[in-house]
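Undergrad: First, the structure itself, so that you have it in front of you.
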Amino acid sequence: MTLSVWKHRNKLHHTLQKVKDGRIKVGFIGGSITDARPRHNWPEPVISWLAEQYPQTRISIENAAIGATGSDLAAFRAKRDLIDTECDLVFVEYAVNDENEPTLKRNRTREGLIRQLLASGQRDIVIVYTYSQNMYEAMQSGAVPDTISEFDRIAEYYQIGSVWMGLYALEEVKKGRLRFEEWLPDGLHPTSRGSLSYGQSVITFLTKELLESDVNAKGLDTPLPEPLDAKCWDKVYALSFDQVQTSGPWVIRRWPHLEWIDQVLETAAVGAGLSFRFEGRGLALGFDFGRSSAEFRYRVDGGEWQPSERERPSWLAEDGWYRLSFFGDDWSGGAHLFELEVMHGNQPNCTGTNFRLAKVGIIQ
């Protein structure tokens with residue numbers, strides 16, 4: 001089997017038109033490999049190339065990537081950070097951060113994200129696949145890692161182009177052009193040289209799509225097909241904190257500490273509780289999470305109380321991780337009651353009782 005770095009499925013007609021019009025907004029969403037804060041990450045050479053190729057075009061950038069987050073949180077962030085900001089071209093990167101998620105869940109969250117972007121109006125999408133050391137064995141044997149093959153099935157169904165950046169860089173290593181330690185010193189996060197390799201693979205894709213295409217060609221408006229999975233996360237929304245009932249000391253705070261979070265519902269009191277009713281088939285809660293975060297117990301529709309036991313990796317800071325907790329998306333439709341009580345984590349790496357709820361995400 002010959003592995004392919006580039007798959008050109010549908011011309012970037014909208015991007016070509018926006019370039020021709022003299023104004024384009026480019027969005028990025030993904031994990032730490034795409035995050036804008038390490039200023040050497042792969043979006044930077046891509047942005048520089050676009051600015052060089054189109055000096056007469058006003059190019060705006062919306063990099064909405066957040067480290068250590070997956071496509072589940074992205075499905076709840078698509079409207080705020082990509083759709084409402086009117087991005088014309090969006091790059092999506094989640095092959096690595098979704099790698100350890102169950103297949104069913106990651107396929108639903110990815111497809112939900114893609115469908116939201118496609119349904120919201122004219123915009124082009126490019127899906128990019130990076131690399132983790134877990135992929136090495138499959139790639140060496142000529143196979144496509146599951147997390148990538150599943151994502152590319154979605155790309156094929158919706159006729160979205162894709163770039164396997166990880167394969168491009170690995171081939172550079174095999175040819176002696178790139179030392180592995182220059183690419184991924186920790187097996188996951190690229191250095192400046194590794195990010196340049198990733199960026200070059202995307203630039204090659206864009207060169208064919210934009211410079212070798214007819215700028216006057218018109219794209220076809222095709223209806224959005226039925227979803228591959230009827231339970232994909234394409235219909236999600238955030239429940240207002242005004243609809244959350246509380247017991248004990250709680251406050252709603254504007255949250256300047258993380259740019260992707262507007263407000264948090266906060267307490268530090270063990271035993272404080274909250275509850276809310278909602279219509280839907282699933283639920284996820286988003287937090288500003290860290291070592292100083294509390295744990296909690298919860299129940300749904302008056303059932304048994306269940307404790308939360310969230311992993312706290314060694315790299316975890318006191319706070320600052322926009323983390324999603326998922327409770328299910330296969331519940332019966334209709335009204336549900338969710339109840340929660342704040343608890344101390346009672347673990348060596350749990351240093352506080354801060355409970356900072358950033359999102360009540362409902363899956364319809």
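Chain labels run A, B, ... following the order of the structure tokens; each chain numbers its residues from 1, and ligands are numbered from 1 in the order shown.
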Pull the strand (DSSP E or B) assignments for segment 171-345 of chain A out of DSSP run on the backbone, and list those residues as a PyMOL selection string.

TA: chain A and resi 236-238+245-247+251-254+263-267+273-279+282-289+293+295-300+306-307+321-328+335-343

Undergrad: For segment 73-137 of chain A against segment 330-349 of chain A, with a cut-off of 12 Å and counting only C-alpha atoms, what is the closest atom pair and its distance in Å to one decimal for every residue that makes the cut, ordered by chain and number, as CSV?

TA:
```
residue,atom,partner,partner_atom,distance
A:Leu104,CA,A:Asp330,CA,11.2
A:Lys105,CA,A:Asp330,CA,10.5
A:Arg108,CA,A:Asp330,CA,11.5
```

Undergrad: Show which residues sit within 6 Å of segment 43-60 of chain A, as a list in words. Count only C-alpha atoms, and ignore same-chain residues fewer than 6 positions away.

TA: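 Returned residues: Gly22, Arg23, Ile24, Lys25 and Gly199 of chain A.
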
Undergrad: Could you tell me how far atom CA of Ala272 of chain A sits from atom CA of Phe296 of chain A, in Å to one decimal place?

TA: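 Pair atom CA of Phe296 of chain A / atom CA of Ala272 of chain A returns 9.7 Å.
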
Undergrad: Which parts of segment 145-270 of chain A does DSSP call alpha helix (DSSP H) when run on the backbone here, written out as a count of residues only?

TA: 41

Undergrad: Would you mind listing what lies within 12 Å of Tyr131 of chain A as a compact mmCIF listing (two decimals) with C-alpha atoms, in the first residue's frame, with only C-alpha atoms counted and same-chain residues fewer than 4 positions away left out?

TA:
```
# COMPACT_ATOMS: atom_id res chain seq x y z
CA ILE A 33 0.67 21.23 17.77
CA GLU A 93 -6.15 19.15 13.38
CA TYR A 94 -7.27 16.44 15.83
CA ALA A 95 -5.73 13.14 14.72
CA VAL A 96 -3.36 13.09 17.70
CA ASN A 97 -5.52 14.51 20.50
CA ASP A 98 -8.43 12.22 19.60
CA GLU A 99 -6.16 9.18 19.42
CA MET A 135 1.63 5.74 14.90
CA TYR A 136 5.15 4.62 13.99
CA GLU A 137 4.56 0.86 13.75
CA ALA A 138 1.48 1.16 11.52
CA MET A 139 3.14 3.69 9.21
CA VAL A 144 -2.85 4.15 8.12
CA PRO A 145 -3.31 4.57 11.91
CA THR A 147 -7.34 7.75 14.19
CA ILE A 148 -6.30 9.02 10.73
CA VAL A 163 -2.80 16.78 4.31
CA TRP A 164 -0.93 14.08 6.22
CA MET A 165 1.74 16.33 7.68
CA GLY A 166 3.12 13.56 9.87
CA LEU A 167 3.80 11.33 6.88
CA TYR A 168 5.52 14.19 5.03
CA ALA A 169 7.87 14.79 7.97
CA LEU A 170 8.55 11.08 8.51
CA TRP A 183 11.29 17.13 14.34
CA LEU A 184 9.88 15.66 17.57
CA ASP A 186 9.52 14.39 22.79
CA GLY A 187 7.87 12.17 20.18
CA LEU A 188 4.93 14.52 19.74
CA HIS A 189 5.61 18.28 19.73
CA PRO A 190 7.64 19.68 16.82
CA GLY A 194 9.63 20.12 12.55
CA SER A 195 6.91 22.74 12.36
CA TYR A 198 4.54 20.36 8.64
```

Undergrad: Quick one: of A:Glu156, A:Ser149, A:Trp6, A:Ile61, who's nearest to Ile29 of chain A, counting only C-alpha atoms?

TA: A:Ile61

Undergrad: Measure the distance from atom CA of Phe278 of chain A to atom CA of Leu324 of chain A in Å and round it to one decimal.

TA: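 Computing the Euclidean distance for atom CA of Phe278 of chain A and atom CA of Leu324 of chain A yields 18.3 Å.
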
Undergrad: Between A:Leu16, A:Ala75, A:Leu265, A:Val251, which is the closest to Leu206 of chain A once you count only C-alpha atoms?

TA: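 Between A:Leu16, A:Ala75, A:Leu265, A:Val251, the residue approaching Leu206 of chain A most closely is A:Leu16.
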
Undergrad: Extract, using only C-alpha atoms, all DNA, RNA and protein residues at most 10 Å from Asp124 of chain A, discarding same-chain residues fewer than 2 positions from it, and format them as an NGL selection string.

TA: :A and (10-16 or 26 or 87-91 or 117-118 or 121-122 or 126 or 160-161)

Undergrad: Can you work out the spacing between atom CA of Phe205 of chain A and atom CA of Asp152 of chain A in Å, to one decimal?

TA: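 We find that atom CA of Phe205 of chain A and atom CA of Asp152 of chain A lie 15.9 Å from each other.
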
Undergrad: Please list as a list of chain:residue names every residue within 10 Å of Gln364 of chain A, counting only C-alpha atoms and excluding residues in the same chain fewer than 5 positions away.

TA: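 Residues meeting the cut-off are A:Lys231, A:Cys232, A:Trp233, A:Asp234, A:Lys235, A:Val236, A:Tyr237, A:Phe278, A:Glu279, A:Gly280, A:Arg281, A:Gly282, A:Leu283, A:Asp329, A:Asp330, A:Trp331, A:Gly333, A:Gly334.
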
Undergrad: For each of A:Val300, A:Val264, A:Leu210, A:Ala294, take the minimum atom-to-atom distance to Gln17 of chain A, counting only C-alpha atoms, then give the residue where this is smallest.

TA: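 Ranking A:Val300, A:Val264, A:Leu210, A:Ala294 by distance to Gln17 of chain A, first place goes to A:Leu210.
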
Undergrad: Between A:Leu82, A:Ile114, A:Val360, A:Ala119, which one has atoms that come closest to Leu239 of chain A, using only C-alpha atoms?

TA: A:Val360
